[in-house]
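**Student:** Mind having a look at this structure? Questions to follow.
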2 protein chains.
Amino acid sequence: MANEGSYVAIGLKVWTAQIERADKLFGRLSSEEVQREIAPGRNRLLYLWGHLTAIHDAMLPLLGMGERLHPEFDVAFVSNPDKSQAAIPSHEQVRQAWNVVNAELSKGFEKMSWSDWAQRHSAVSEEDFAKDTSRNRFAILLNRTNHLSYHLGQAVLGLN
Amino acid sequence: MANEGSYVAIGLKVWTAQIERADKLFGRLSSEEVQREIAPGRNRLLYLWGHLTAIHDAMLPLLGMGERLHPEFDVAFVSNPDKSQAAIPSHEQVRQAWNVVNAELSKGFEKMSWSDWAQRHSAVSEEDFAKDTSRNRFAILLNRTNHLSYHLGQAVLGLN
């Protein structure tokens, strides 16, 4: 009745549900609205959107799906706080990158077999993985889904 | 190499990590600090903490672990917005309920076998479950973990 596949399928379903929430939330914003802060003095919506895009982009190599598409997003949205950089990717660039990165992940997920999810992710060495096999691709999926939820909870505060 | 248990174990690990984050975040607040809003005019930290407690309490019957311990939390923290009720549970009552409810869940998780997680949860009928076996207890675990992350992202804004 239960098999590995059914657990992975649920993990993917929860991921997809959060991605759809994010698509709806960020996708409908005007270029003025993405400049709104989630609370006075806090991150802007565009920063959160770019941050999520960068973290999802980094999942591609982590899950063995190839090189990152937008490593340049890290300076703007990961390694530095909001409003610290003279120039960051535009609203349109973030929107496009978000869509392309998540579509690429989705394509990659479809190609993965259930057992692929139990393989180590690329940031853990074979030696360390032998000691702790929970450091696998499925763990990355669940952790990144929660990361997305965490920032969605914040982004919703910037809407009205 | 991979088996059902390893997926469930990862789901539980991610749940536990978020509970520990919440313990740290809410547990260290003074009775003055829990009255802080996460942003001007938004929910207070105490409301979020009570809300999470109520939703976790409702997991007990959903996962077949028995009756709810604090159904009275719903009026204060789920079915009504913050600041709409004349009296809500106190800081100390929320703290105690949070600890007791999560300890009860943790005990229940330990007793569950891997295959128990693939059983239907109590809010879905046998008939509906036959049509969609992903409406199981593991799905509840992942969804509630994301719900917790969502509100943790908000709560952290109330800290300073």
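We name chains A, B, ... following the order of the structure tokens; residues begin at 1 in each chain, and ligands are numbered from 1 as shown.
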Excluding B:Asp132 and any residue of its chain fewer than 3 positions from it, enumerate the residues within 12 Å of it, using only C-alpha atoms, and give them as a ChimeraX atom specification.
**Tutor:** /A:6,9-10 /B:118-121,124-129,135-136,139
**Student:** Tell me which protein, DNA and RNA residues are within 9 Å of stretch 97-114 of chain B, counting only C-alpha atoms, leaving out same-chain ones fewer than 2 positions away, and put them as a PyMOL selection string.
**Tutor:** chain B and resi 4-6+8-9+12+16+19+23+49-50+52-54+56-57+59-60+63-65+68-70+92-95+116-118
**Student:** Residues as selected, C-alpha atoms, written as a compact mmCIF listing (two decimals), in the first residue's frame, can you do that?
**Tutor:**
```
# COMPACT_ATOMS: atom_id res chain seq x y z
CA GLU B 4 9.57 4.13 3.44
CA GLY B 5 11.04 4.72 6.85
CA SER B 6 13.83 6.92 5.57
CA VAL B 8 9.23 9.50 7.14
CA ALA B 9 12.37 10.01 9.23
CA LEU B 12 10.03 14.09 11.21
CA THR B 16 11.48 18.76 14.84
CA ILE B 19 9.57 23.08 16.50
CA ASP B 23 10.69 26.93 21.02
CA TRP B 49 1.96 31.34 19.31
CA GLY B 50 -1.59 30.52 20.40
CA LEU B 52 0.22 27.47 16.20
CA THR B 53 -0.67 25.72 19.48
CA ALA B 54 -4.31 25.36 18.41
CA HIS B 56 -0.94 21.51 16.50
CA ASP B 57 -3.53 20.50 19.11
CA MET B 59 -3.30 17.29 14.83
CA LEU B 60 -3.91 14.89 17.74
CA LEU B 63 -3.46 11.60 13.38
CA GLY B 64 -5.49 9.24 15.55
CA MET B 65 -3.73 10.17 18.79
CA ARG B 68 -7.79 17.58 21.56
CA LEU B 69 -6.31 18.98 24.75
CA HIS B 70 -7.20 22.64 24.13
CA GLU B 92 1.59 31.35 30.73
CA GLN B 93 -1.38 29.31 29.50
CA VAL B 94 -0.17 29.48 25.90
CA ARG B 95 3.36 28.52 26.90
CA ASP B 116 0.96 4.22 9.94
CA TRP B 117 1.96 7.41 8.15
CA ALA B 118 0.42 6.15 4.94
```
**Student:** Using only C-alpha atoms, determine which residues of chain B fall within 9 Å of chain A; present them as a PyMOL selection string.
**Tutor:** chain B and resi 1-11+14+18+38-40+42+115+117-119+133-135+138-139+142-143+145-154+157
**Student:** List every residue of chain B that DSSP, applied to the backbone of this structure, assigns to alpha helix (DSSP H), and report them as a ChimeraX atom specification.
**Tutor:** /B:4-27,45-57,59-62,73-77,91-111,126-131,137-155
**Student:** One decimal, in Å: what's the spacing between atom CA of B:Ala22 and atom CA of B:Arg36?
**Tutor:**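 Interatomic distance, atom CA of B:Ala22 to atom CA of B:Arg36: 16.2 Å.
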**Student:** So how many Å separate atom CA of A:Arg137 and atom CA of B:Ala130, to one decimal?
**Tutor:**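 Taking atom CA of A:Arg137 and atom CA of B:Ala130, their separation equals 29.2 Å.
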